[in-house]
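Q: Below is query14.pdb; it holds PDB, C-alpha atoms and all ligand atoms.
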```pdb
ATOM      1  CA  MET A   1       0.000   0.000   0.000  1.00  0.00           C
ATOM      2  CA  SER A   2       1.267   3.487  -0.821  1.00  0.00           C
ATOM      3  CA  GLU A   3       2.054   6.014   1.879  1.00  0.00           C
ATOM      4  CA  PRO A   4      -0.681   8.591   2.620  1.00  0.00           C
ATOM      5  CA  SER A   5      -0.080  12.058   1.226  1.00  0.00           C
ATOM      6  CA  ARG A   6       1.105  14.519   3.849  1.00  0.00           C
ATOM      7  CA  LEU A   7      -0.662  17.854   4.102  1.00  0.00           C
ATOM      8  CA  LEU A   8       0.482  20.783   6.234  1.00  0.00           C
ATOM      9  CA  VAL A   9      -2.046  23.527   6.974  1.00  0.00           C
ATOM     10  CA  LEU A  10      -0.369  26.739   8.159  1.00  0.00           C
ATOM     11  CA  VAL A  11      -2.670  29.179   9.926  1.00  0.00           C
ATOM     12  CA  GLY A  12      -1.456  32.761   9.800  1.00  0.00           C
ATOM     13  CA  SER A  13      -3.938  34.315  12.226  1.00  0.00           C
ATOM     14  CA  PRO A  14      -3.257  34.952  15.904  1.00  0.00           C
ATOM     15  CA  ARG A  15      -6.887  33.994  16.638  1.00  0.00           C
ATOM     16  CA  ARG A  16      -7.204  30.317  17.567  1.00  0.00           C
ATOM     17  CA  THR A  17     -10.985  30.455  17.125  1.00  0.00           C
ATOM     18  CA  GLY A  18     -10.942  32.882  14.218  1.00  0.00           C
ATOM     19  CA  ASN A  19     -12.141  32.538  10.671  1.00  0.00           C
ATOM     20  CA  SER A  20      -8.985  31.266   9.014  1.00  0.00           C
ATOM     21  CA  ALA A  21      -8.610  28.731  11.838  1.00  0.00           C
ATOM     22  CA  ALA A  22     -12.212  27.539  11.360  1.00  0.00           C
ATOM     23  CA  MET A  23     -11.685  27.049   7.625  1.00  0.00           C
ATOM     24  CA  ALA A  24      -8.282  25.415   8.215  1.00  0.00           C
ATOM     25  CA  HIS A  25      -9.846  22.878  10.572  1.00  0.00           C
ATOM     26  CA  ALA A  26     -12.699  22.161   8.136  1.00  0.00           C
ATOM     27  CA  LEU A  27     -10.159  21.632   5.366  1.00  0.00           C
ATOM     28  CA  ALA A  28      -8.056  19.385   7.608  1.00  0.00           C
ATOM     29  CA  THR A  29     -11.105  17.247   8.433  1.00  0.00           C
ATOM     30  CA  GLY A  30     -11.891  16.842   4.735  1.00  0.00           C
ATOM     31  CA  ALA A  31      -8.313  15.910   3.881  1.00  0.00           C
ATOM     32  CA  THR A  32      -8.158  13.437   6.764  1.00  0.00           C
ATOM     33  CA  ASP A  33     -11.423  11.832   5.585  1.00  0.00           C
ATOM     34  CA  ALA A  34      -9.828  11.421   2.164  1.00  0.00           C
ATOM     35  CA  GLY A  35      -6.906   9.526   3.711  1.00  0.00           C
ATOM     36  CA  ALA A  36      -4.240  12.240   3.964  1.00  0.00           C
ATOM     37  CA  GLU A  37      -1.967  12.643   6.959  1.00  0.00           C
ATOM     38  CA  VAL A  38      -2.762  16.184   8.057  1.00  0.00           C
ATOM     39  CA  THR A  39      -0.991  18.586  10.409  1.00  0.00           C
ATOM     40  CA  VAL A  40      -2.404  21.997  11.372  1.00  0.00           C
ATOM     41  CA  ARG A  41       0.020  24.563  12.775  1.00  0.00           C
ATOM     42  CA  PHE A  42      -0.395  28.139  13.927  1.00  0.00           C
ATOM     43  CA  ILE A  43       2.609  30.003  12.601  1.00  0.00           C
ATOM     44  CA  ASP A  44       2.959  32.255  15.641  1.00  0.00           C
ATOM     45  CA  ASP A  45       3.536  29.206  17.869  1.00  0.00           C
ATOM     46  CA  TYR A  46       6.802  28.808  15.950  1.00  0.00           C
ATOM     47  CA  ILE A  47       7.907  32.233  14.715  1.00  0.00           C
ATOM     48  CA  THR A  48       8.558  35.158  17.018  1.00  0.00           C
ATOM     49  CA  SER A  49      11.058  37.077  14.905  1.00  0.00           C
ATOM     50  CA  PHE A  50      11.365  38.493  11.427  1.00  0.00           C
ATOM     51  CA  LEU A  51      14.174  37.373   9.160  1.00  0.00           C
ATOM     52  CA  ARG A  52      17.391  39.108  10.194  1.00  0.00           C
ATOM     53  CA  ASP A  53      20.646  39.730   8.334  1.00  0.00           C
ATOM     54  CA  CYS A  54      21.969  36.177   7.987  1.00  0.00           C
ATOM     55  CA  ARG A  55      25.553  37.418   8.043  1.00  0.00           C
ATOM     56  CA  ALA A  56      24.955  38.696  11.552  1.00  0.00           C
ATOM     57  CA  CYS A  57      23.058  35.790  13.008  1.00  0.00           C
ATOM     58  CA  ARG A  58      24.097  32.610  11.181  1.00  0.00           C
ATOM     59  CA  GLY A  59      26.141  30.446  13.552  1.00  0.00           C
ATOM     60  CA  LEU A  60      29.530  28.961  12.679  1.00  0.00           C
ATOM     61  CA  ASP A  61      27.770  25.641  12.057  1.00  0.00           C
ATOM     62  CA  GLY A  62      25.576  27.346   9.443  1.00  0.00           C
ATOM     63  CA  GLU A  63      22.491  27.289  11.625  1.00  0.00           C
ATOM     64  CA  CYS A  64      20.164  30.204  12.182  1.00  0.00           C
ATOM     65  CA  SER A  65      20.666  31.493  15.715  1.00  0.00           C
ATOM     66  CA  ILE A  66      17.200  33.008  16.172  1.00  0.00           C
ATOM     67  CA  THR A  67      15.848  31.267  19.244  1.00  0.00           C
ATOM     68  CA  ASP A  68      12.313  30.444  18.223  1.00  0.00           C
ATOM     69  CA  ARG A  69      10.772  27.268  16.803  1.00  0.00           C
ATOM     70  CA  PHE A  70      10.885  28.056  13.085  1.00  0.00           C
ATOM     71  CA  ARG A  71      13.460  25.354  12.419  1.00  0.00           C
ATOM     72  CA  GLU A  72      11.165  22.722  13.932  1.00  0.00           C
ATOM     73  CA  LEU A  73       8.206  23.885  11.820  1.00  0.00           C
ATOM     74  CA  PHE A  74      10.296  24.021   8.657  1.00  0.00           C
ATOM     75  CA  PHE A  75      12.177  20.731   8.964  1.00  0.00           C
ATOM     76  CA  ASP A  76       9.641  18.572  10.799  1.00  0.00           C
ATOM     77  CA  ASP A  77       6.418  19.725   9.146  1.00  0.00           C
ATOM     78  CA  PHE A  78       6.991  21.818   6.020  1.00  0.00           C
ATOM     79  CA  LEU A  79       9.784  20.033   4.161  1.00  0.00           C
ATOM     80  CA  PRO A  80       8.294  16.531   4.511  1.00  0.00           C
ATOM     81  CA  ALA A  81       4.835  17.686   3.345  1.00  0.00           C
ATOM     82  CA  ASP A  82       3.541  16.798  -0.125  1.00  0.00           C
ATOM     83  CA  GLY A  83       1.108  19.683   0.060  1.00  0.00           C
ATOM     84  CA  VAL A  84       0.747  22.893   2.018  1.00  0.00           C
ATOM     85  CA  VAL A  85      -2.253  25.138   2.536  1.00  0.00           C
ATOM     86  CA  PHE A  86      -1.733  28.702   3.695  1.00  0.00           C
ATOM     87  CA  SER A  87      -4.789  29.831   5.657  1.00  0.00           C
ATOM     88  CA  THR A  88      -4.458  33.521   6.374  1.00  0.00           C
ATOM     89  CA  PRO A  89      -6.585  36.527   7.201  1.00  0.00           C
ATOM     90  CA  VAL A  90      -6.384  39.386   4.729  1.00  0.00           C
ATOM     91  CA  TYR A  91      -4.439  42.143   6.466  1.00  0.00           C
ATOM     92  CA  TRP A  92      -4.026  45.337   4.498  1.00  0.00           C
ATOM     93  CA  TYR A  93      -4.799  43.486   1.249  1.00  0.00           C
ATOM     94  CA  GLY A  94      -1.911  41.140   1.877  1.00  0.00           C
ATOM     95  CA  VAL A  95      -1.160  38.020   3.897  1.00  0.00           C
ATOM     96  CA  SER A  96      -0.718  38.392   7.653  1.00  0.00           C
ATOM     97  CA  ALA A  97       2.762  39.250   8.943  1.00  0.00           C
ATOM     98  CA  GLN A  98       2.943  35.763  10.433  1.00  0.00           C
ATOM     99  CA  THR A  99       2.460  34.198   7.007  1.00  0.00           C
ATOM    100  CA  LYS A 100       4.899  36.564   5.317  1.00  0.00           C
ATOM    101  CA  ALA A 101       7.502  35.919   8.010  1.00  0.00           C
ATOM    102  CA  PHE A 102       7.184  32.202   7.316  1.00  0.00           C
ATOM    103  CA  PHE A 103       8.089  32.742   3.660  1.00  0.00           C
ATOM    104  CA  ASP A 104      10.930  35.095   4.558  1.00  0.00           C
ATOM    105  CA  ARG A 105      12.437  32.825   7.174  1.00  0.00           C
ATOM    106  CA  THR A 106      12.757  29.934   4.709  1.00  0.00           C
ATOM    107  CA  PHE A 107      15.611  32.009   3.233  1.00  0.00           C
ATOM    108  CA  CYS A 108      17.855  31.019   6.172  1.00  0.00           C
ATOM    109  CA  TYR A 109      17.847  27.431   4.907  1.00  0.00           C
ATOM    110  CA  TYR A 110      17.619  27.639   1.128  1.00  0.00           C
ATOM    111  CA  ALA A 111      20.318  30.334   0.884  1.00  0.00           C
ATOM    112  CA  GLY A 112      23.646  29.022  -0.413  1.00  0.00           C
ATOM    113  CA  SER A 113      25.340  29.891   2.878  1.00  0.00           C
ATOM    114  CA  TYR A 114      23.387  27.115   4.626  1.00  0.00           C
ATOM    115  CA  PRO A 115      25.484  23.950   4.260  1.00  0.00           C
ATOM    116  CA  GLU A 116      22.542  21.712   3.257  1.00  0.00           C
ATOM    117  CA  SER A 117      20.820  24.275   1.041  1.00  0.00           C
ATOM    118  CA  ALA A 118      20.723  22.047  -2.064  1.00  0.00           C
ATOM    119  CA  GLU A 119      18.692  19.452  -0.216  1.00  0.00           C
ATOM    120  CA  VAL A 120      16.410  22.143   1.225  1.00  0.00           C
ATOM    121  CA  VAL A 121      15.785  23.596  -2.237  1.00  0.00           C
ATOM    122  CA  ALA A 122      14.860  20.155  -3.556  1.00  0.00           C
ATOM    123  CA  ARG A 123      12.491  19.503  -0.658  1.00  0.00           C
ATOM    124  CA  MET A 124      10.865  22.950  -0.871  1.00  0.00           C
ATOM    125  CA  SER A 125      10.034  22.315  -4.506  1.00  0.00           C
ATOM    126  CA  ARG A 126       7.193  20.495  -6.263  1.00  0.00           C
ATOM    127  CA  LYS A 127       4.508  20.577  -3.603  1.00  0.00           C
ATOM    128  CA  ARG A 128       0.783  21.044  -4.037  1.00  0.00           C
ATOM    129  CA  VAL A 129      -0.186  24.470  -2.723  1.00  0.00           C
ATOM    130  CA  GLY A 130      -3.569  25.778  -1.580  1.00  0.00           C
ATOM    131  CA  LEU A 131      -4.841  29.039  -0.166  1.00  0.00           C
ATOM    132  CA  VAL A 132      -7.611  29.841   2.307  1.00  0.00           C
ATOM    133  CA  LEU A 133      -8.457  33.496   2.891  1.00  0.00           C
ATOM    134  CA  ALA A 134     -10.600  35.145   5.560  1.00  0.00           C
ATOM    135  CA  SER A 135     -11.553  38.758   4.994  1.00  0.00           C
ATOM    136  CA  GLU A 136     -14.119  41.352   5.904  1.00  0.00           C
ATOM    137  CA  GLU A 137     -14.458  42.741   2.392  1.00  0.00           C
ATOM    138  CA  THR A 138     -16.021  40.609  -0.308  1.00  0.00           C
ATOM    139  CA  TYR A 139     -14.911  42.252  -3.551  1.00  0.00           C
ATOM    140  CA  PRO A 140     -12.510  40.103  -5.593  1.00  0.00           C
ATOM    141  CA  GLY A 141      -9.725  42.708  -5.687  1.00  0.00           C
ATOM    142  CA  ALA A 142      -9.202  42.470  -1.916  1.00  0.00           C
ATOM    143  CA  SER A 143      -7.488  39.113  -2.419  1.00  0.00           C
ATOM    144  CA  LEU A 144      -5.828  39.599  -5.808  1.00  0.00           C
ATOM    145  CA  GLY A 145      -2.448  40.617  -4.388  1.00  0.00           C
ATOM    146  CA  ILE A 146      -2.366  37.523  -2.216  1.00  0.00           C
ATOM    147  CA  ILE A 147      -3.417  35.223  -5.029  1.00  0.00           C
ATOM    148  CA  HIS A 148      -0.665  36.711  -7.157  1.00  0.00           C
ATOM    149  CA  GLN A 149       1.900  36.203  -4.407  1.00  0.00           C
ATOM    150  CA  ILE A 150       0.963  32.566  -3.901  1.00  0.00           C
ATOM    151  CA  GLN A 151       0.926  32.028  -7.660  1.00  0.00           C
ATOM    152  CA  GLU A 152       4.458  33.424  -7.910  1.00  0.00           C
ATOM    153  CA  TYR A 153       5.621  31.460  -4.865  1.00  0.00           C
ATOM    154  CA  SER A 154       4.288  28.310  -6.537  1.00  0.00           C
ATOM    155  CA  ARG A 155       5.893  29.110  -9.873  1.00  0.00           C
ATOM    156  CA  TYR A 156       9.228  29.869  -8.200  1.00  0.00           C
ATOM    157  CA  THR A 157       9.213  26.614  -6.232  1.00  0.00           C
ATOM    158  CA  ARG A 158       7.888  24.580  -9.193  1.00  0.00           C
ATOM    159  CA  SER A 159       4.801  23.838  -7.130  1.00  0.00           C
ATOM    160  CA  GLU A 160       1.170  23.496  -8.214  1.00  0.00           C
ATOM    161  CA  PHE A 161      -1.264  26.118  -6.898  1.00  0.00           C
ATOM    162  CA  VAL A 162      -4.380  23.983  -7.052  1.00  0.00           C
ATOM    163  CA  GLY A 163      -7.032  26.265  -5.604  1.00  0.00           C
ATOM    164  CA  LEU A 164      -8.364  28.626  -3.005  1.00  0.00           C
ATOM    165  CA  VAL A 165     -11.319  29.242  -0.717  1.00  0.00           C
ATOM    166  CA  ARG A 166     -12.448  32.688   0.404  1.00  0.00           C
ATOM    167  CA  GLY A 167     -14.605  33.130   3.490  1.00  0.00           C
ATOM    168  CA  PHE A 168     -16.111  36.398   4.650  1.00  0.00           C
ATOM    169  CA  GLY A 169     -16.427  37.503   8.247  1.00  0.00           C
ATOM    170  CA  ASN A 170     -14.899  39.747  10.837  1.00  0.00           C
ATOM    171  CA  SER A 171     -15.693  38.514  14.330  1.00  0.00           C
ATOM    172  CA  ARG A 172     -14.322  35.143  15.438  1.00  0.00           C
ATOM    173  CA  GLY A 173     -15.910  32.235  13.599  1.00  0.00           C
ATOM    174  CA  GLU A 174     -18.308  34.483  11.685  1.00  0.00           C
ATOM    175  CA  VAL A 175     -17.525  32.644   8.440  1.00  0.00           C
ATOM    176  CA  SER A 176     -19.989  30.016   9.659  1.00  0.00           C
ATOM    177  CA  ARG A 177     -22.737  32.520   8.749  1.00  0.00           C
ATOM    178  CA  ASP A 178     -21.321  33.319   5.304  1.00  0.00           C
ATOM    179  CA  PRO A 179     -24.065  32.246   2.860  1.00  0.00           C
ATOM    180  CA  GLY A 180     -21.347  31.069   0.471  1.00  0.00           C
ATOM    181  CA  HIS A 181     -20.660  28.239   2.981  1.00  0.00           C
ATOM    182  CA  PRO A 182     -16.852  28.540   3.028  1.00  0.00           C
ATOM    183  CA  LEU A 183     -16.577  25.941   5.806  1.00  0.00           C
ATOM    184  CA  ALA A 184     -18.251  23.322   3.613  1.00  0.00           C
ATOM    185  CA  GLU A 185     -16.171  24.488   0.657  1.00  0.00           C
ATOM    186  CA  SER A 186     -13.005  24.164   2.749  1.00  0.00           C
ATOM    187  CA  GLY A 187     -14.007  20.611   3.634  1.00  0.00           C
ATOM    188  CA  ARG A 188     -14.509  19.788  -0.060  1.00  0.00           C
ATOM    189  CA  PHE A 189     -11.190  21.423  -0.942  1.00  0.00           C
ATOM    190  CA  GLY A 190      -9.467  19.297   1.703  1.00  0.00           C
ATOM    191  CA  ARG A 191     -11.125  16.105   0.479  1.00  0.00           C
ATOM    192  CA  SER A 192     -10.071  16.651  -3.127  1.00  0.00           C
ATOM    193  CA  PHE A 193      -6.768  18.440  -2.468  1.00  0.00           C
ATOM    194  CA  PHE A 194      -4.465  15.718  -3.747  1.00  0.00           C
ATOM    195  CA  ASP A 195      -6.774  14.720  -6.641  1.00  0.00           C
ATOM    196  CA  LEU A 196      -7.652  18.102  -8.127  1.00  0.00           C
ATOM    197  CA  LYS A 197      -6.761  18.497 -11.757  1.00  0.00           C
ATOM    198  CA  TYR A 198      -3.963  21.012 -12.247  1.00  0.00           C
ATOM    199  CA  SER A 199      -3.058  22.519 -15.601  1.00  0.00           C
ATOM    200  CA  ASP A 200      -0.892  25.470 -16.627  1.00  0.00           C
ATOM    201  CA  TYR A 201      -0.158  25.213 -20.327  1.00  0.00           C
ATOM    202  CA  HIS A 202       2.364  26.703 -22.664  1.00  0.00           C
ATOM    203  CA  LEU A 203       1.669  27.287 -26.339  1.00  0.00           C
ATOM    204  CA  ASP A 204       3.477  24.108 -27.261  1.00  0.00           C
ATOM    205  CA  THR A 205       2.048  21.895 -24.519  1.00  0.00           C
ATOM    206  CA  GLY A 206       0.679  18.706 -26.014  1.00  0.00           C
ATOM    207  CA  ARG A 207      -2.856  17.985 -24.822  1.00  0.00           C
ATOM    208  CA  ALA A 208      -6.171  16.476 -25.742  1.00  0.00           C
ATOM    209  CA  ALA A 209      -8.937  18.667 -27.157  1.00  0.00           C
ATOM    210  CA  ASN A 210     -11.143  18.153 -24.099  1.00  0.00           C
ATOM    211  CA  VAL A 211     -10.329  18.918 -20.485  1.00  0.00           C
ATOM    212  CA  TRP A 212     -12.493  16.108 -19.085  1.00  0.00           C
ATOM    213  CA  PRO A 213     -12.995  12.581 -20.419  1.00  0.00           C
ATOM    214  CA  ASP A 214     -16.270  12.177 -22.304  1.00  0.00           C
ATOM    215  CA  THR A 215     -17.964   9.550 -20.174  1.00  0.00           C
ATOM    216  CA  ALA A 216     -21.176   9.635 -22.277  1.00  0.00           C
ATOM    217  CA  SER A 217     -19.595   7.923 -25.300  1.00  0.00           C
TER     218      SER A 217
HETATM  219  C1  LIG B 301      -4.637  44.429  10.956  1.00  0.00           C
HETATM  220  C2  LIG B 301      -5.864  44.039  10.196  1.00  0.00           C
HETATM  221  C3  LIG B 301      -5.954  44.387   8.861  1.00  0.00           C
HETATM  222  C4  LIG B 301      -7.072  43.998   8.124  1.00  0.00           C
HETATM  223  N1  LIG B 301      -7.133  44.338   6.804  1.00  0.00           N
HETATM  224  C5  LIG B 301      -8.192  43.931   6.061  1.00  0.00           C
HETATM  225  C6  LIG B 301      -8.273  44.243   4.676  1.00  0.00           C
HETATM  226  O1  LIG B 301      -7.395  44.876   4.095  1.00  0.00           O
HETATM  227  N2  LIG B 301      -9.355  43.806   3.974  1.00  0.00           N
HETATM  228  C7  LIG B 301     -10.339  43.065   4.564  1.00  0.00           C
HETATM  229  O2  LIG B 301     -11.266  42.657   3.883  1.00  0.00           O
HETATM  230  N3  LIG B 301     -10.287  42.745   5.891  1.00  0.00           N
HETATM  231  C8  LIG B 301      -9.248  43.159   6.647  1.00  0.00           C
HETATM  232  N4  LIG B 301      -9.186  42.838   7.975  1.00  0.00           N
HETATM  233  C9  LIG B 301     -10.242  42.010   8.565  1.00  0.00           C
HETATM  234  C10 LIG B 301      -9.849  40.532   8.658  1.00  0.00           C
HETATM  235  O3  LIG B 301      -9.391  40.054   7.418  1.00  0.00           O
HETATM  236  C11 LIG B 301     -11.072  39.698   9.092  1.00  0.00           C
HETATM  237  O4  LIG B 301     -11.521  40.108  10.349  1.00  0.00           O
HETATM  238  C12 LIG B 301     -10.766  38.208   9.111  1.00  0.00           C
HETATM  239  O5  LIG B 301     -11.967  37.485   9.254  1.00  0.00           O
HETATM  240  C13 LIG B 301      -9.853  37.855  10.260  1.00  0.00           C
HETATM  241  O6  LIG B 301      -9.514  36.500  10.165  1.00  0.00           O
HETATM  242  P1  LIG B 301      -9.182  35.611  11.472  1.00  0.00           P
HETATM  243  O7  LIG B 301     -10.496  35.479  12.221  1.00  0.00           O
HETATM  244  O8  LIG B 301      -8.694  34.333  10.942  1.00  0.00           O
HETATM  245  O9  LIG B 301      -8.168  36.347  12.273  1.00  0.00           O
HETATM  246  C14 LIG B 301      -8.112  43.243   8.744  1.00  0.00           C
HETATM  247  C15 LIG B 301      -7.999  42.926  10.107  1.00  0.00           C
HETATM  248  C16 LIG B 301      -6.901  43.319  10.818  1.00  0.00           C
HETATM  249  C17 LIG B 301      -6.799  42.945  12.282  1.00  0.00           C
END
```
Take the structure from the file and write it as structure tokens.

A:
Amino acid sequence: MSEPSRLLVLVGSPRRTGNSAAMAHALATGATDAGAEVTVRFIDDYITSFLRDCRACRGLDGECSITDRFRELFFDDFLPADGVVFSTPVYWYGVSAQTKAFFDRTFCYYAGSYPESAEVVARMSRKRVGLVLASEETYPGASLGIIHQIQEYSRYTRSEFVGLVRGFGNSRGEVSRDPGHPLAESGRFGRSFFDLKYSDYHLDTGRAANVWPDTAS
């Protein structure tokens, strides 16, 4: 039997009972039901510092000397994952500082000055990536910058950005009253996460004329 796919859900809100947490948990339940091995982490349990100047704080052994738990999150949960979902509130039309700090801090280990950087680069690459967004405002443009960032992150790491869920609310857990049912949608996203079709063609990409098999014939 093949190993279950490993999914890491990174919550970028400080609110443990907030909207991005609620959607993250719904997604995790769906993915677990589908047979994935799922881990949910709140980024601020692990990161208490921004990226610093690596020349100033990299130890003689090449390790980052910032004394928080980023290394544990990165090596124990992120690198082994086949897929990662970033679940973040929209803050100032961007991801939360927690989420951004996660991206920035990866630099400590993929930079050439880290002795094992080649292995880190390989293990950061080729994951499935998903996005869950909680915001007060509903207009599409409020999340465009974030979608673009995750798209570029995925392109840069040769990963596949397979989809996103947006949920609207402001007070803790208010997404449960969103008539678009983002909690149910998160559950569906989690269930199908590792099976979703992903395509991103180039002009010369060989492909069939249809996207889906014609089951009627
Ligand atoms: C610092 C801050 C900035 C915010 N900026 C935006 C924003 O630009 N657009 C928006 O729609 N909501 C914004 N919000 C509202 C949050 O996105 C919203 O309350 C969300 O549901 C919070 O998610 P959480 O419960 O997971 O923390 C902001 C909230 C805070 C605290």

Q: Collect all residues with atoms no farther than 12 Å from ligand LIG 301 (chain B), counting only C-alpha atoms and all ligand atoms, and output them as JSON, numbers by chain.

A: {"A": [10, 11, 12, 13, 14, 15, 16, 17, 18, 19, 20, 21, 22, 23, 24, 25, 42, 86, 87, 88, 89, 90, 91, 92, 93, 94, 95, 96, 97, 98, 99, 132, 133, 134, 135, 136, 137, 138, 139, 140, 141, 142, 143, 144, 145, 146, 166, 167, 168, 169, 170, 171, 172, 173, 174, 175, 176, 177, 178, 182]}

Q: So, counting all atoms listed in the file, which residue among A:Cys57, A:Val211, A:Val40, A:Ala26 is closest to A:Lys197?

A: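 Counting all atoms listed in the file, the residue closest to A:Lys197 is A:Val211.
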
Q: Which residues, named as in the file, does the PyMOL selection byres (((chain A and resi 28-35) around 8) and not hetatm) pick out? Answer as number ranges by chain.

A: A: 4-5, 7, 9, 24-27, 36-40, 186-193

Q: For atom CA of A:Arg128 and atom CA of A:Ser159, determine how far apart the two atoms are, in Å to one decimal place.

A: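 Going from atom CA of A:Arg128 over to atom CA of A:Ser159, I get 5.8 Å.
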
Q: Which residues are near A:Arg105? Cut-off 8 Å, all atoms listed in the file, ignore same chain within fewer than 6 positions. Put them as a list of chain:residue names.

A: A:Phe50, A:Leu51, A:Phe70

Q: Pop stretch 114-165 of chain A out of the structure in the block and write C-alpha atoms as a PDB file, in the first residue's frame.

A:
```pdb
ATOM      1  CA  TYR A 114      23.387  27.115   4.626  1.00  0.00           C
ATOM      2  CA  PRO A 115      25.484  23.950   4.260  1.00  0.00           C
ATOM      3  CA  GLU A 116      22.542  21.712   3.257  1.00  0.00           C
ATOM      4  CA  SER A 117      20.820  24.275   1.041  1.00  0.00           C
ATOM      5  CA  ALA A 118      20.723  22.047  -2.064  1.00  0.00           C
ATOM      6  CA  GLU A 119      18.692  19.452  -0.216  1.00  0.00           C
ATOM      7  CA  VAL A 120      16.410  22.143   1.225  1.00  0.00           C
ATOM      8  CA  VAL A 121      15.785  23.596  -2.237  1.00  0.00           C
ATOM      9  CA  ALA A 122      14.860  20.155  -3.556  1.00  0.00           C
ATOM     10  CA  ARG A 123      12.491  19.503  -0.658  1.00  0.00           C
ATOM     11  CA  MET A 124      10.865  22.950  -0.871  1.00  0.00           C
ATOM     12  CA  SER A 125      10.034  22.315  -4.506  1.00  0.00           C
ATOM     13  CA  ARG A 126       7.193  20.495  -6.263  1.00  0.00           C
ATOM     14  CA  LYS A 127       4.508  20.577  -3.603  1.00  0.00           C
ATOM     15  CA  ARG A 128       0.783  21.044  -4.037  1.00  0.00           C
ATOM     16  CA  VAL A 129      -0.186  24.470  -2.723  1.00  0.00           C
ATOM     17  CA  GLY A 130      -3.569  25.778  -1.580  1.00  0.00           C
ATOM     18  CA  LEU A 131      -4.841  29.039  -0.166  1.00  0.00           C
ATOM     19  CA  VAL A 132      -7.611  29.841   2.307  1.00  0.00           C
ATOM     20  CA  LEU A 133      -8.457  33.496   2.891  1.00  0.00           C
ATOM     21  CA  ALA A 134     -10.600  35.145   5.560  1.00  0.00           C
ATOM     22  CA  SER A 135     -11.553  38.758   4.994  1.00  0.00           C
ATOM     23  CA  GLU A 136     -14.119  41.352   5.904  1.00  0.00           C
ATOM     24  CA  GLU A 137     -14.458  42.741   2.392  1.00  0.00           C
ATOM     25  CA  THR A 138     -16.021  40.609  -0.308  1.00  0.00           C
ATOM     26  CA  TYR A 139     -14.911  42.252  -3.551  1.00  0.00           C
ATOM     27  CA  PRO A 140     -12.510  40.103  -5.593  1.00  0.00           C
ATOM     28  CA  GLY A 141      -9.725  42.708  -5.687  1.00  0.00           C
ATOM     29  CA  ALA A 142      -9.202  42.470  -1.916  1.00  0.00           C
ATOM     30  CA  SER A 143      -7.488  39.113  -2.419  1.00  0.00           C
ATOM     31  CA  LEU A 144      -5.828  39.599  -5.808  1.00  0.00           C
ATOM     32  CA  GLY A 145      -2.448  40.617  -4.388  1.00  0.00           C
ATOM     33  CA  ILE A 146      -2.366  37.523  -2.216  1.00  0.00           C
ATOM     34  CA  ILE A 147      -3.417  35.223  -5.029  1.00  0.00           C
ATOM     35  CA  HIS A 148      -0.665  36.711  -7.157  1.00  0.00           C
ATOM     36  CA  GLN A 149       1.900  36.203  -4.407  1.00  0.00           C
ATOM     37  CA  ILE A 150       0.963  32.566  -3.901  1.00  0.00           C
ATOM     38  CA  GLN A 151       0.926  32.028  -7.660  1.00  0.00           C
ATOM     39  CA  GLU A 152       4.458  33.424  -7.910  1.00  0.00           C
ATOM     40  CA  TYR A 153       5.621  31.460  -4.865  1.00  0.00           C
ATOM     41  CA  SER A 154       4.288  28.310  -6.537  1.00  0.00           C
ATOM     42  CA  ARG A 155       5.893  29.110  -9.873  1.00  0.00           C
ATOM     43  CA  TYR A 156       9.228  29.869  -8.200  1.00  0.00           C
ATOM     44  CA  THR A 157       9.213  26.614  -6.232  1.00  0.00           C
ATOM     45  CA  ARG A 158       7.888  24.580  -9.193  1.00  0.00           C
ATOM     46  CA  SER A 159       4.801  23.838  -7.130  1.00  0.00           C
ATOM     47  CA  GLU A 160       1.170  23.496  -8.214  1.00  0.00           C
ATOM     48  CA  PHE A 161      -1.264  26.118  -6.898  1.00  0.00           C
ATOM     49  CA  VAL A 162      -4.380  23.983  -7.052  1.00  0.00           C
ATOM     50  CA  GLY A 163      -7.032  26.265  -5.604  1.00  0.00           C
ATOM     51  CA  LEU A 164      -8.364  28.626  -3.005  1.00  0.00           C
ATOM     52  CA  VAL A 165     -11.319  29.242  -0.717  1.00  0.00           C
TER      53      VAL A 165
END
```
